[in-house]
Structures are given as structure tokens and as C-alpha cells.
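Asker: Structure file target-v1.cif, mmCIF, C-alpha atoms, is pasted below:
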data_model
#
loop_
_atom_site.label_atom_id
_atom_site.label_comp_id
_atom_site.auth_asym_id
_atom_site.auth_seq_id
_atom_site.Cartn_x
_atom_site.Cartn_y
_atom_site.Cartn_z
CA MET K 18 -7.24 -55.20 19.36
CA SER K 19 -10.96 -54.54 18.90
CA ASN K 20 -10.45 -54.24 15.15
CA THR K 21 -8.51 -57.52 14.93
CA PHE K 22 -9.90 -61.04 14.59
CA GLY K 23 -8.16 -64.40 14.56
CA SER K 24 -5.18 -66.05 16.21
CA LEU K 25 -2.78 -67.41 13.57
CA PHE K 26 -4.69 -66.33 10.46
CA ARG K 27 -5.37 -62.82 11.72
CA ILE K 28 -7.12 -59.85 10.13
CA THR K 29 -7.29 -56.17 11.08
CA THR K 30 -9.87 -54.04 9.27
CA PHE K 31 -9.82 -50.25 8.96
CA GLY K 32 -11.76 -47.38 7.41
CA GLU K 33 -15.19 -45.75 7.61
CA SER K 34 -18.32 -45.62 5.51
CA HIS K 35 -17.65 -42.09 4.22
CA GLY K 36 -13.86 -41.98 4.45
CA ALA K 37 -11.37 -42.52 1.64
CA GLY K 38 -12.02 -46.24 1.71
CA ILE K 39 -11.91 -49.41 3.77
CA GLY K 40 -9.34 -52.14 3.96
CA VAL K 41 -7.86 -55.12 5.73
CA ILE K 42 -4.43 -56.37 6.73
CA ILE K 43 -4.11 -60.17 6.76
CA ASP K 44 -1.26 -61.48 8.88
CA GLY K 45 -0.28 -65.12 9.26
CA CYS K 46 -1.33 -66.45 5.87
CA PRO K 47 1.29 -69.07 4.95
CA ALA K 48 3.60 -68.52 2.00
CA GLY K 49 2.93 -70.43 -1.18
CA VAL K 50 -0.85 -70.04 -1.42
CA ALA K 51 -1.95 -69.19 -4.96
CA VAL K 52 -4.40 -66.27 -4.71
CA ASP K 53 -6.58 -65.30 -7.66
CA ALA K 54 -7.49 -61.61 -7.41
CA ALA K 55 -10.54 -62.26 -9.58
CA ARG K 56 -11.98 -64.52 -6.87
CA ILE K 57 -11.58 -61.76 -4.29
CA GLN K 58 -13.36 -59.35 -6.62
CA ALA K 59 -16.13 -61.87 -7.32
CA ALA K 60 -16.80 -62.19 -3.58
CA LEU K 61 -16.94 -58.41 -3.22
CA ASP K 62 -19.32 -58.14 -6.17
CA ARG K 63 -21.79 -60.39 -4.32
CA ARG K 64 -21.72 -58.04 -1.30
CA ARG K 65 -21.49 -54.66 -2.99
CA PRO K 66 -24.36 -52.13 -2.82
CA GLY K 67 -26.51 -51.27 -5.81
CA GLN K 68 -26.54 -54.81 -7.24
CA SER K 69 -30.33 -55.14 -7.48
CA ALA K 70 -33.65 -53.40 -6.85
CA LEU K 71 -33.81 -55.15 -3.46
CA THR K 72 -30.69 -53.41 -2.10
CA THR K 73 -29.46 -49.91 -1.33
CA PRO K 74 -29.00 -47.85 -4.52
CA ARG K 75 -25.57 -46.62 -3.36
CA LYS K 76 -23.22 -47.32 -6.27
CA GLU K 77 -19.84 -48.69 -5.28
CA ALA K 78 -17.63 -50.71 -7.63
CA ASP K 79 -15.80 -52.09 -4.57
CA THR K 80 -12.68 -52.61 -6.65
CA VAL K 81 -10.04 -54.30 -4.54
CA HIS K 82 -6.40 -53.11 -4.66
CA ILE K 83 -3.84 -55.68 -3.49
CA GLN K 84 -1.06 -53.59 -2.01
CA SER K 85 1.30 -56.16 -0.52
CA GLY K 86 1.83 -59.79 0.44
CA LEU K 87 1.64 -61.37 -3.03
CA PHE K 88 4.32 -61.92 -5.65
CA GLU K 89 3.42 -63.39 -9.03
CA GLY K 90 0.01 -64.34 -7.64
CA VAL K 91 1.35 -66.33 -4.68
CA THR K 92 1.47 -65.35 -1.00
CA THR K 93 4.91 -64.52 0.33
CA GLY K 94 4.18 -65.06 4.03
CA THR K 95 4.28 -61.32 4.72
CA PRO K 96 1.21 -59.21 5.60
CA ILE K 97 -1.36 -58.97 2.82
CA SER K 98 -2.90 -55.51 2.41
CA LEU K 99 -6.22 -55.12 0.58
CA PHE K 100 -7.78 -51.68 0.02
CA ILE K 101 -11.24 -50.81 -1.34
CA PRO K 102 -11.82 -47.12 -2.17
CA ASN K 103 -15.14 -45.42 -1.42
CA ALA K 104 -16.57 -43.65 -4.45
CA ASP K 105 -20.25 -42.80 -3.93
CA GLN K 106 -20.48 -41.09 -0.54
CA ARG K 107 -23.28 -38.58 -0.02
CA SER K 108 -22.40 -37.23 3.39
CA ASP K 109 -25.03 -34.48 3.22
CA ASP K 110 -27.68 -37.20 3.46
CA TYR K 111 -26.69 -37.52 7.12
CA SER K 112 -26.43 -33.87 8.22
CA HIS K 113 -29.87 -34.11 9.87
CA ILE K 114 -28.59 -36.72 12.36
CA ALA K 115 -25.41 -34.89 13.43
CA HIS K 116 -26.95 -34.42 16.88
CA ALA K 117 -29.74 -37.05 16.80
CA TYR K 118 -29.75 -40.59 18.13
CA ARG K 119 -31.43 -42.84 15.57
CA ALA K 120 -33.59 -45.65 16.95
CA SER K 121 -31.69 -48.98 17.19
CA HIS K 122 -28.48 -47.46 15.76
CA ALA K 123 -25.04 -47.12 17.34
CA ASP K 124 -25.23 -43.29 17.57
CA TYR K 125 -25.80 -43.13 21.34
CA THR K 126 -23.46 -45.96 22.29
CA TYR K 127 -20.58 -44.56 20.19
CA ASP K 128 -21.09 -41.16 21.84
CA VAL K 129 -21.00 -42.79 25.28
CA LYS K 130 -17.90 -44.85 24.47
CA TYR K 131 -15.79 -42.30 22.57
CA GLY K 132 -17.29 -38.90 23.35
CA ARG K 133 -17.69 -38.24 19.62
CA ARG K 134 -18.89 -40.06 16.51
CA ASP K 135 -18.76 -39.95 12.75
CA TYR K 136 -22.44 -39.57 11.88
CA ARG K 137 -21.88 -39.90 8.10
CA GLY K 138 -23.40 -43.27 7.38
CA GLY K 139 -22.49 -44.49 10.85
CA GLY K 140 -18.74 -44.21 10.26
CA ARG K 141 -17.01 -47.28 11.63
CA SER K 142 -20.29 -48.84 12.81
CA SER K 143 -21.55 -49.00 9.21
CA ALA K 144 -21.94 -52.38 7.51
CA ARG K 145 -19.65 -50.93 4.83
CA GLU K 146 -16.81 -52.26 7.01
CA THR K 147 -17.85 -55.82 6.16
CA ALA K 148 -16.52 -55.47 2.61
CA ALA K 149 -13.04 -55.73 4.13
CA ARG K 150 -14.03 -59.00 5.81
CA VAL K 151 -15.36 -60.39 2.55
CA ALA K 152 -12.08 -59.60 0.80
CA ALA K 153 -10.10 -61.31 3.56
CA GLY K 154 -12.48 -64.27 3.55
CA ALA K 155 -11.85 -64.77 -0.17
CA VAL K 156 -8.14 -65.14 0.59
CA ALA K 157 -8.90 -67.56 3.44
CA MET K 158 -11.09 -69.63 1.13
CA GLN K 159 -8.23 -70.05 -1.32
CA LEU K 160 -6.16 -71.44 1.54
CA LEU K 161 -9.01 -73.76 2.59
CA ALA K 162 -9.40 -74.99 -0.99
CA HIS K 163 -6.05 -76.77 -0.61
CA PHE K 164 -7.75 -78.97 1.98
CA GLY K 165 -10.95 -79.52 0.02
CA VAL K 166 -13.14 -77.41 2.33
CA GLU K 167 -16.34 -76.03 0.77
CA ILE K 168 -18.46 -73.28 2.38
CA ALA K 169 -21.85 -71.96 1.31
CA ALA K 170 -24.55 -69.81 2.87
CA TYR K 171 -28.06 -68.99 1.71
CA VAL K 172 -31.13 -67.06 2.83
CA SER K 173 -33.41 -69.54 4.58
CA ALA K 174 -35.99 -67.10 5.95
CA VAL K 175 -37.24 -63.58 5.28
CA GLY K 176 -39.69 -62.48 7.92
CA GLU K 177 -42.27 -65.26 8.22
CA VAL K 178 -41.34 -66.80 4.82
CA GLU K 179 -39.12 -69.86 5.37
CA VAL K 180 -37.51 -72.55 3.23
CA PRO K 181 -39.57 -75.70 4.03
CA VAL K 182 -36.78 -78.28 3.62
CA ALA K 183 -33.40 -79.06 5.20
CA TYR K 184 -30.17 -77.92 3.56
CA GLN K 185 -29.38 -81.50 2.45
CA GLU K 186 -32.35 -81.34 0.06
CA LEU K 187 -31.23 -78.14 -1.67
CA ASP K 188 -29.07 -77.53 -4.73
CA PHE K 189 -26.54 -74.91 -3.67
CA GLY K 190 -25.88 -74.19 -7.33
CA LEU K 191 -29.18 -72.27 -7.29
CA ILE K 192 -28.15 -69.81 -4.55
CA ASP K 193 -27.10 -67.05 -6.95
CA THR K 194 -29.85 -67.62 -9.52
CA ASN K 195 -32.24 -65.16 -7.86
CA LEU K 196 -32.04 -61.75 -6.16
CA VAL K 197 -32.65 -63.16 -2.67
CA ARG K 198 -29.91 -65.83 -2.77
CA CYS K 199 -32.27 -68.62 -1.77
CA PRO K 200 -31.77 -72.04 -3.45
CA HIS K 201 -35.46 -72.95 -3.18
CA PRO K 202 -37.06 -71.15 -6.17
CA GLU K 203 -40.67 -71.15 -4.97
CA THR K 204 -39.68 -69.75 -1.58
CA ALA K 205 -37.28 -67.28 -3.19
CA ALA K 206 -40.17 -65.75 -5.14
CA ARG K 207 -42.21 -65.35 -1.95
CA MET K 208 -39.21 -63.84 -0.16
CA GLU K 209 -38.71 -61.30 -2.92
CA ALA K 210 -42.38 -60.32 -2.71
CA ARG K 211 -42.04 -59.93 1.07
CA ILE K 212 -39.02 -57.62 0.69
CA ARG K 213 -40.78 -55.52 -1.95
CA GLU K 214 -43.79 -55.25 0.35
CA ALA K 215 -41.59 -53.85 3.13
CA GLN K 216 -39.86 -51.55 0.65
CA ALA K 217 -43.18 -50.13 -0.60
CA ALA K 218 -44.26 -49.45 2.97
CA HIS K 219 -40.96 -47.60 3.73
CA ASP K 220 -40.27 -50.39 6.21
CA THR K 221 -37.70 -53.17 6.57
CA VAL K 222 -37.69 -56.91 7.24
CA GLY K 223 -35.23 -59.33 8.84
CA GLY K 224 -34.60 -63.03 8.43
CA VAL K 225 -32.21 -65.96 8.73
CA ILE K 226 -29.14 -67.15 6.83
CA THR K 227 -28.11 -70.81 6.96
CA GLY K 228 -24.43 -71.68 6.57
CA VAL K 229 -22.86 -75.04 5.71
CA ALA K 230 -19.21 -76.10 5.64
CA ARG K 231 -18.42 -79.44 4.01
CA HIS K 232 -15.28 -81.62 3.94
CA VAL K 233 -13.90 -79.92 7.05
CA PRO K 234 -11.11 -82.05 8.53
CA ALA K 235 -11.67 -83.58 11.94
CA GLY K 236 -9.69 -81.99 14.76
CA LEU K 237 -10.38 -78.25 14.27
CA GLY K 238 -11.22 -76.25 17.38
CA GLU K 239 -9.69 -75.83 20.81
CA PRO K 240 -11.07 -77.76 23.80
CA VAL K 241 -12.09 -74.99 26.23
CA PHE K 242 -12.65 -71.33 25.35
CA ASP K 243 -11.98 -71.48 21.61
CA LYS K 244 -14.35 -74.31 20.77
CA LEU K 245 -15.26 -74.32 17.08
CA PRO K 246 -18.91 -73.28 17.71
CA ALA K 247 -17.77 -70.61 20.19
CA VAL K 248 -15.31 -68.99 17.76
CA LEU K 249 -17.82 -69.26 14.92
CA GLY K 250 -20.50 -67.68 17.10
CA HIS K 251 -18.12 -64.86 18.03
CA ALA K 252 -17.37 -64.26 14.35
CA LEU K 253 -20.96 -64.28 13.15
CA LEU K 254 -22.36 -62.25 16.05
CA SER K 255 -19.82 -59.54 15.17
CA ILE K 256 -21.63 -58.91 11.85
CA ASN K 257 -23.88 -55.85 11.79
CA ALA K 258 -27.58 -56.60 12.50
CA VAL K 259 -26.97 -60.17 13.73
CA LYS K 260 -29.10 -60.98 16.77
CA GLY K 261 -28.80 -64.74 17.08
CA PHE K 262 -26.62 -67.76 16.31
CA GLU K 263 -27.74 -71.39 16.33
CA PHE K 264 -25.31 -74.29 15.84
CA GLY K 265 -26.26 -77.78 14.73
CA SER K 266 -29.69 -78.80 15.98
CA GLY K 267 -29.77 -75.58 18.01
CA PHE K 268 -32.92 -74.74 19.94
CA GLU K 269 -34.99 -77.36 18.11
CA GLY K 270 -32.60 -79.99 19.45
CA THR K 271 -33.73 -79.23 23.00
CA LYS K 272 -37.07 -80.86 22.15
CA LEU K 273 -35.47 -84.25 21.43
CA PRO K 274 -34.63 -86.93 24.04
CA GLY K 275 -30.95 -87.74 24.37
CA SER K 276 -31.54 -91.20 22.90
CA VAL K 277 -32.61 -89.53 19.65
CA HIS K 278 -30.27 -86.56 19.72
CA ASN K 279 -27.05 -88.55 20.24
CA ASP K 280 -24.98 -89.02 17.06
CA GLU K 281 -23.88 -92.68 16.99
CA PHE K 282 -20.47 -93.43 15.47
CA TYR K 283 -19.71 -96.07 12.85
CA THR K 284 -16.95 -96.88 10.37
CA ASP K 285 -17.91 -96.62 6.70
CA GLU K 286 -16.74 -98.85 3.83
CA THR K 287 -13.59 -96.74 3.37
CA GLY K 288 -12.62 -97.06 7.02
CA ALA K 289 -13.53 -93.45 7.82
CA VAL K 290 -15.21 -92.61 11.13
CA ARG K 291 -18.72 -91.24 10.55
CA THR K 292 -21.87 -90.52 12.56
CA ARG K 293 -25.33 -91.84 11.60
CA THR K 294 -26.96 -88.50 12.39
CA ASN K 295 -25.49 -85.02 12.73
CA HIS K 296 -27.45 -83.18 15.40
CA SER K 297 -24.08 -82.02 16.77
CA GLY K 298 -23.46 -79.93 13.67
CA GLY K 299 -20.08 -81.47 12.95
CA SER K 300 -18.52 -80.70 16.33
CA GLN K 301 -18.17 -82.58 19.60
CA GLY K 302 -16.31 -81.20 22.56
CA GLY K 303 -15.85 -78.05 20.50
CA ILE K 304 -13.71 -79.95 17.94
CA SER K 305 -14.75 -80.81 14.38
CA ASN K 306 -15.53 -84.50 13.76
CA GLY K 307 -15.42 -84.49 9.95
CA GLN K 308 -19.18 -84.20 9.39
CA ASP K 309 -20.94 -81.18 7.87
CA ILE K 310 -20.78 -78.04 9.99
CA TYR K 311 -24.10 -76.21 9.79
CA PHE K 312 -25.62 -73.23 11.59
CA ARG K 313 -28.22 -70.47 11.37
CA VAL K 314 -27.72 -66.72 11.82
CA ALA K 315 -30.59 -64.35 12.67
CA PHE K 316 -30.58 -60.82 11.24
CA LYS K 317 -32.82 -58.06 12.60
CA PRO K 318 -34.74 -55.71 10.28
CA VAL K 319 -32.58 -52.83 9.03
CA ALA K 320 -32.83 -50.01 11.59
CA THR K 321 -33.06 -47.05 9.18
CA LEU K 322 -36.69 -46.41 8.21
CA LEU K 323 -37.96 -43.81 5.77
CA GLN K 324 -40.83 -42.98 8.12
CA PRO K 325 -41.15 -40.90 11.32
CA GLN K 326 -39.84 -42.35 14.59
CA GLN K 327 -39.60 -40.86 18.06
CA THR K 328 -36.14 -40.46 19.59
CA ILE K 329 -33.94 -37.87 21.33
CA ASN K 330 -30.97 -35.68 20.41
CA ASP K 331 -27.62 -35.44 22.17
CA GLN K 332 -29.10 -32.85 24.54
CA GLY K 333 -31.75 -35.32 25.69
CA GLU K 334 -34.58 -33.49 23.95
CA ALA K 335 -37.42 -35.47 22.37
CA ILE K 336 -37.51 -35.22 18.57
CA THR K 337 -39.18 -36.85 15.58
CA LEU K 338 -36.75 -38.25 13.05
CA VAL K 339 -37.32 -39.50 9.49
CA GLY K 340 -34.54 -41.56 7.92
CA ARG K 341 -32.84 -40.33 4.78
CA GLY K 342 -30.14 -41.66 2.50
CA ARG K 343 -29.85 -45.00 0.72
CA HIS K 344 -30.54 -48.18 2.65
CA ASP K 345 -31.44 -51.83 2.20
CA PRO K 346 -35.05 -52.85 2.94
CA CYS K 347 -33.59 -56.25 3.87
CA VAL K 348 -29.94 -56.97 4.58
CA LEU K 349 -30.15 -60.73 3.95
CA PRO K 350 -29.20 -61.00 0.23
CA ARG K 351 -26.01 -58.96 0.67
CA ALA K 352 -25.19 -60.63 4.00
CA VAL K 353 -24.77 -64.10 2.47
CA PRO K 354 -21.14 -63.49 1.36
CA ILE K 355 -20.39 -61.86 4.73
CA VAL K 356 -21.54 -64.99 6.60
CA GLU K 357 -19.45 -67.10 4.24
CA ALA K 358 -16.42 -64.85 4.76
CA MET K 359 -16.49 -65.00 8.55
CA THR K 360 -16.84 -68.79 8.36
CA GLN K 361 -13.87 -68.94 5.99
CA LEU K 362 -11.77 -66.84 8.36
CA VAL K 363 -12.66 -68.99 11.38
CA LEU K 364 -11.91 -72.29 9.65
CA ALA K 365 -8.65 -71.03 8.13
CA ASP K 366 -7.46 -69.90 11.54
CA LEU K 367 -8.52 -73.11 13.32
CA LEU K 368 -6.95 -75.23 10.59
CA LEU K 369 -3.58 -73.54 11.07
CA ARG K 370 -3.90 -73.91 14.83
CA ALA K 371 -4.72 -77.61 14.48
CA ARG K 372 -1.62 -78.19 12.38
CA ALA K 373 0.45 -76.67 15.20
CA ASN K 374 -1.12 -78.83 17.91
CA ARG K 375 0.99 -81.94 17.49
CA LEU K 376 4.21 -83.17 15.85
#
As C-alpha cells - that is how I would like this structure written.

Answerer:
Amino acid sequence: MSNTFGSLFRITTFGESHGAGIGVIIDGCPAGVAVDAARIQAALDRRRPGQSALTTPRKEADTVHIQSGLFEGVTTGTPISLFIPNADQRSDDYSHIAHAYRASHADYTYDVKYGRRDYRGGGRSSARETAARVAAGAVAMQLLAHFGVEIAAYVSAVGEVEVPVAYQELDFGLIDTNLVRCPHPETAARMEARIREAQAAHDTVGGVITGVARHVPAGLGEPVFDKLPAVLGHALLSINAVKGFEFGSGFEGTKLPGSVHNDEFYTDETGAVRTRTNHSGGSQGGISNGQDIYFRVAFKPVATLLQPQQTINDQGEAITLVGRGRHDPCVLPRAVPIVEAMTQLVLADLLLRARANRL
């Protein structure tokens, strides 16, 4: 089940970077959900390679083919199959690493685990697999829309360049108005310059993506092992290059006394239960409380460098390796829709589980 994620709203992804294509089977999506294929394609277009000068020049249309599970644009309750063909593979770009272990890549660990590996673009370990997640997330989002849930993510840091204000002060409508997908224009310009600097030096740079889910119903999440933050952390840490996950006030919250950090409850003018602050990030006891869910995800610098690095081959011999092929100098702009997709999948699954928890 290592290729499957979710409990009731469950996905299984398949395919490799340089195979015929990649895809996903969605099982457990209720019947009667109107699914607009154009919205799936729009999500994939935000993730696809070759979309700007800041990303890999690999050209993939990432055209989604809906093979089952929908009739007249509405889910039937049967498995939904989505397939995305690969079109611009250049497998020869990777012939030089057929027996080499690239620094900070999965080459060695895949060899240890399976006794063989697909070295063409990393095979199954390639971030190309995440296109299948984005497609599935777009279906999940159309289910969540029935409940008024809104999810957005944006680049909040590239290297040492950070957005100086909290998410509440930002206009999320600006996220897609620049190449970096940062809704703070002045910072976005500095981020773009930082990525171009790394690109010119044949180097890479990492950063942070902030995610926010609004209008999430109270009661989502299971009380012990499948707490909302735990499942969300599992989902986001499964994305390629992710090295950290911070929920709510996160590590900064450890610097506050409990008297400040506690979120006091009150009843608003409509009779709804609210909290005066939201250090908890919209979850207490691992269950959503109706406030905004917010988190931060840390991405390492892309591991493939177009400069010499010391490593070994599969015979244990020391070698010098220079990266080749087409790679992102910074994964952050294309990772925004991936973070959104995994959040969509988690909340769709937990929402269905919550509806089954009581009569």
C-alpha cells in the first residue's frame, strides 16, 4: 500500500518519470459530485514543467485523460481513473548516472531497497509523480467546494528572503500574478532575483510554502493516531524535497507562555463558537475547531546541480559527477499546487470520515 494514500477518499498513484505516463486511481469519492475537467487541467497547468524561466525547461502539456468514474460530468461512485501521458522524455540525459549515486538523491536508497532502480530521471522517485496527486487533489477540491472549504498556498520564503507579514494581511488573489507565486509583490521580486542568482551560479535554493484552509467544518480529524495535524504532516512530508512541517504557531509558539498561547473561546453574534486567537492552527485534540487551518512546509534546495560534486558509484568507487538534464533551480513555485493538492486530499478524506462518525 506504499503507493496509496487516504482512508475513505483514497488515491493510488502509478507511473515513472520516463515511462509512458503517470496516473492516479481515486476510490471512495461519493457519487453525485460535479467534476469540471477544466479545473483539473488548470491545477495541472500550475504544476507542469516549462511554465517559466524559473523552472525546468522540460516541456510537458500534462494533458489529463479521464478514463472512468464520471458520467455526464458527475461522479458515479466508482473508481475514477486519471492518466497523464509523458511526452518530452530525454532518457539519454541520464545515461551517465546509470551506475552513479547522485548526492542527496534516492539512487543509493532505491538500490538498497529494491536491488535495482530506474535511473532515467529518478523513475518513481521523481517529482513527476506529484502531477498525479495534483489531478486527484483537483477532484477532492470539487468535493470540498460543496462544504464551502477554501484552500490556498503560497511561497513565503526563498532562501533568506521571507514575506514580512502574516497570511491574514495578504491578498491571496495575487498568488498567481508573479512567477514565484508569492502574494507580497515586493518580496516576490526579491525572491525571483534570488532564484535567478542561484540559476546563474549553476546552484539551487530552497524555501518555505505557507498553506491556509478556510471555512473548514469543526469536527474533522480522529482523536489518537489520525489527528488532523498528524495526517496533514504525513501528506506534506511525503512530497519530494520536503524537510519540515510546522502546524499553527509551530516552533515560534514554544517561545510564548501558556497564558498567551492559549486560544480562549467565545460565542460570536451569530451564536457560532470562535476563538480569540488561533495559535492552535484550527485544531485542538487533533480535531478541527472551525478556525483557519494554517501551516508551513520547508523545501530543501533541489539536489541536482550543474556543477561537480564528489560521490561514489555502485561499486563503491569515488567519482566526480556533474549533473545533466533539465532541472528547477528552485522547486517552490511549482510546489504550491502540490501542497494545495495534498491538503485537499487530507481534508476530503477527513470530512467523509467525520460524516461517518455519528448518526

Asker: Measuring atom to atom with all atoms listed in the file, identify which of K:Val353, K:Ala117, K:Ala149, K:Val129 is nearest to Gly340 (chain K).

Answerer: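 Result for the nearest residue to Gly340 (chain K): K:Ala117.
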
Asker: Please identify all polymer residues within 8 Å of Pro325 (chain K), counting all atoms listed in the file, omitting same-chain residues fewer than 2 positions from it, and present them as a list in words.

Answerer: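 Here the qualifying residues turn out to be Leu322, Leu323, Gln327, Thr337, Leu338, Val339 and Gly340 of chain K.
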
Asker: If we count only C-alpha atoms and set the cut-off at 10 Å, which residues sit around Gly236 (chain K), ignoring sequence neighbours fewer than 2 positions away in its own chain? Please answer as a compact mmCIF listing (two decimals) with C-alpha atoms, in the coordinates of the input.

Answerer:
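result.txt written:
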# COMPACT_ATOMS: atom_id res chain seq x y z
CA VAL K 233 -13.90 -79.92 7.05
CA PRO K 234 -11.11 -82.05 8.53
CA GLY K 238 -11.22 -76.25 17.38
CA GLU K 239 -9.69 -75.83 20.81
CA LEU K 245 -15.26 -74.32 17.08
CA SER K 300 -18.52 -80.70 16.33
CA GLN K 301 -18.17 -82.58 19.60
CA GLY K 303 -15.85 -78.05 20.50
CA ILE K 304 -13.71 -79.95 17.94
CA SER K 305 -14.75 -80.81 14.38
CA ASN K 306 -15.53 -84.50 13.76
CA GLY K 307 -15.42 -84.49 9.95
CA LEU K 367 -8.52 -73.11 13.32
CA LEU K 368 -6.95 -75.23 10.59
CA ARG K 370 -3.90 -73.91 14.83
CA ALA K 371 -4.72 -77.61 14.48
CA ARG K 372 -1.62 -78.19 12.38
CA ASN K 374 -1.12 -78.83 17.91

Asker: Figure out the distance between CA of Ala115 (chain K) and CA of Tyr131 (chain K), please, to one decimal in Å.

Answerer: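 Interatomic distance here is 15.2 Å.
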
Asker: Run the PyMOL selection byres ((chain K and resi 246-262) around 10) on the file and write out the hits as a VMD selection string.

Answerer: chain K and resid 22 to 23 121 to 122 142 to 147 150 223 to 227 238 to 239 241 to 245 263 to 265 267 298 to 305 310 to 320 348 to 349 352 355 to 364 367

Asker: Show me the residues around (-19.9, -52.4, -8.6) - criterion: an atom at most 7 Å away, only C-alpha atoms counted - as a VMD selection string.

Answerer: chain K and resid 62 65 76 to 79

Asker: Could you save the residues just selected, with C-alpha atoms, as a PDB file, in the frame of the given file?

Answerer:
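Output below, filename result_30.pdb:
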ATOM      1  CA  ASP K  62     -19.320 -58.140  -6.170  1.00  0.00           C
ATOM      2  CA  ARG K  65     -21.490 -54.660  -2.990  1.00  0.00           C
ATOM      3  CA  LYS K  76     -23.220 -47.320  -6.270  1.00  0.00           C
ATOM      4  CA  GLU K  77     -19.840 -48.690  -5.280  1.00  0.00           C
ATOM      5  CA  ALA K  78     -17.630 -50.710  -7.630  1.00  0.00           C
ATOM      6  CA  ASP K  79     -15.800 -52.090  -4.570  1.00  0.00           C
TER       7      ASP K  79
END

Asker: Could you check the closest approach to Val180 (chain K) for each of K:Gln308, K:Thr204, K:Asn295, K:Thr328 and tell me which residue wins, using only C-alpha atoms?

Answerer: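 Answer, going by the shortest atom-to-atom distance: K:Thr204.
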
Asker: Neighbours of Val182 (chain K) within 12 Å (all atoms listed in the file; same-chain residues fewer than 6 positions away dropped), as a PyMOL selection string?

Answerer: chain K and resi 173-174+188+199-201+203-204+227

Asker: Store the residues picked out above in a file with C-alpha atoms, as an mmCIF file, keeping the file's coordinate frame.

Answerer:
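What landed in result34.cif:
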data_model
loop_
_atom_site.group_PDB
_atom_site.id
_atom_site.type_symbol
_atom_site.label_atom_id
_atom_site.label_comp_id
_atom_site.auth_asym_id
_atom_site.auth_seq_id
_atom_site.Cartn_x
_atom_site.Cartn_y
_atom_site.Cartn_z
ATOM 1 C CA SER K 173 -33.410 -69.540 4.580
ATOM 2 C CA ALA K 174 -35.990 -67.100 5.950
ATOM 3 C CA ASP K 188 -29.070 -77.530 -4.730
ATOM 4 C CA CYS K 199 -32.270 -68.620 -1.770
ATOM 5 C CA PRO K 200 -31.770 -72.040 -3.450
ATOM 6 C CA HIS K 201 -35.460 -72.950 -3.180
ATOM 7 C CA GLU K 203 -40.670 -71.150 -4.970
ATOM 8 C CA THR K 204 -39.680 -69.750 -1.580
ATOM 9 C CA THR K 227 -28.110 -70.810 6.960
#

Asker: Please return, as a list of chain:residue names, all polymer residues that have at least one atom within 12 Å of the point (-44.6, -55.7, 3.5); use all atoms listed in the file and the file's own coordinate frame.

Answerer: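 Within 12 Å of (-44.6, -55.7, 3.5), the protein and nucleic acid residues are K:Val175, K:Gly176, K:Glu177, K:Val178, K:Arg207, K:Met208, K:Glu209, K:Ala210, K:Arg211, K:Ile212, K:Arg213, K:Glu214, K:Ala215, K:Gln216, K:Ala217, K:Ala218, K:His219, K:Asp220, K:Thr221, K:Val222, K:Gly223, K:Pro318, K:Pro346, K:Cys347.
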
Asker: Quick one: residues within 9 Å of Gly90 (chain K), only C-alpha atoms counted, chain neighbours fewer than 5 positions away excluded, as a list in words?

Answerer: Val50, Ala51, Val52, Asp53 and Ala54 of chain K

Asker: Just the residues within 8 Å of Ile43 (chain K), please, counting all atoms listed in the file, with nothing from its chain fewer than 4 positions along; format it as a VMD selection string.

Answerer: chain K and resid 26 to 29 96 to 98 153

Asker: Just the number, please: distance in Å from CA of Leu187 (chain K) to CA of Val290 (chain K), one decimal.

Answerer: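 Atom-to-atom, CA of Leu187 (chain K) to CA of Val290 (chain K), that is 25.1 Å.
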
Asker: Just give me the gap between CA of Ala206 (chain K) and CA of Gly67 (chain K) in Å, one decimal is fine.

Answerer: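 So the answer is 19.9 Å.
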
Asker: Please determine, counting all atoms listed in the file, which residue among K:Arg341, K:Thr92, K:Arg141, K:Tyr184 has the shortest atom-to-atom distance to Ser112 (chain K).

Answerer: K:Arg341

Asker: Pick out the closest residue to Asp331 (chain K) from this set: K:Ile114, K:Leu161, K:Ala55, K:Leu87. Count all atoms listed in the file.

Answerer: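 Of the candidates, the smallest distance to Asp331 (chain K) is held by K:Ile114.
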
Asker: In terms of the shortest atom-to-atom distance over only C-alpha atoms, which of K:Thr95, K:Gln185, K:Gln326, K:Gln159 is closest to Pro47 (chain K)?

Answerer: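 Looking only at the distances to Pro47 (chain K), the closest residue turns out to be K:Thr95.
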
Asker: N, CA, C and O atoms are needed for region 210-219 of chain K; please write them out as a short mmCIF file (atom, residue, chain, number, x, y, z; two decimals), in the coordinates of the input.

Answerer:
data_model
loop_
_atom_site.label_atom_id
_atom_site.label_comp_id
_atom_site.auth_asym_id
_atom_site.auth_seq_id
_atom_site.Cartn_x
_atom_site.Cartn_y
_atom_site.Cartn_z
N ALA K 210 -41.13 -61.07 -2.87
CA ALA K 210 -42.38 -60.32 -2.71
C ALA K 210 -42.47 -59.71 -1.32
O ALA K 210 -42.94 -58.57 -1.16
N ARG K 211 -42.00 -60.45 -0.31
CA ARG K 211 -42.04 -59.93 1.07
C ARG K 211 -41.13 -58.72 1.23
O ARG K 211 -41.47 -57.74 1.92
N ILE K 212 -39.94 -58.75 0.61
CA ILE K 212 -39.02 -57.62 0.69
C ILE K 212 -39.60 -56.40 -0.03
O ILE K 212 -39.53 -55.27 0.46
N ARG K 213 -40.19 -56.64 -1.20
CA ARG K 213 -40.78 -55.52 -1.95
C ARG K 213 -41.96 -54.92 -1.20
O ARG K 213 -42.20 -53.71 -1.26
N GLU K 214 -42.68 -55.74 -0.47
CA GLU K 214 -43.79 -55.25 0.35
C GLU K 214 -43.28 -54.30 1.42
O GLU K 214 -43.83 -53.22 1.65
N ALA K 215 -42.19 -54.71 2.10
CA ALA K 215 -41.59 -53.85 3.13
C ALA K 215 -41.05 -52.57 2.50
O ALA K 215 -41.22 -51.47 3.05
N GLN K 216 -40.43 -52.69 1.35
CA GLN K 216 -39.86 -51.55 0.65
C GLN K 216 -40.94 -50.53 0.29
O GLN K 216 -40.77 -49.32 0.48
N ALA K 217 -42.08 -51.02 -0.20
CA ALA K 217 -43.18 -50.13 -0.60
C ALA K 217 -43.78 -49.41 0.59
O ALA K 217 -44.28 -48.29 0.47
N ALA K 218 -43.71 -50.03 1.76
CA ALA K 218 -44.26 -49.45 2.97
C ALA K 218 -43.24 -48.58 3.71
O ALA K 218 -43.50 -48.13 4.83
N HIS K 219 -42.07 -48.33 3.08
CA HIS K 219 -40.96 -47.60 3.73
C HIS K 219 -40.58 -48.26 5.04
O HIS K 219 -40.28 -47.60 6.04
#
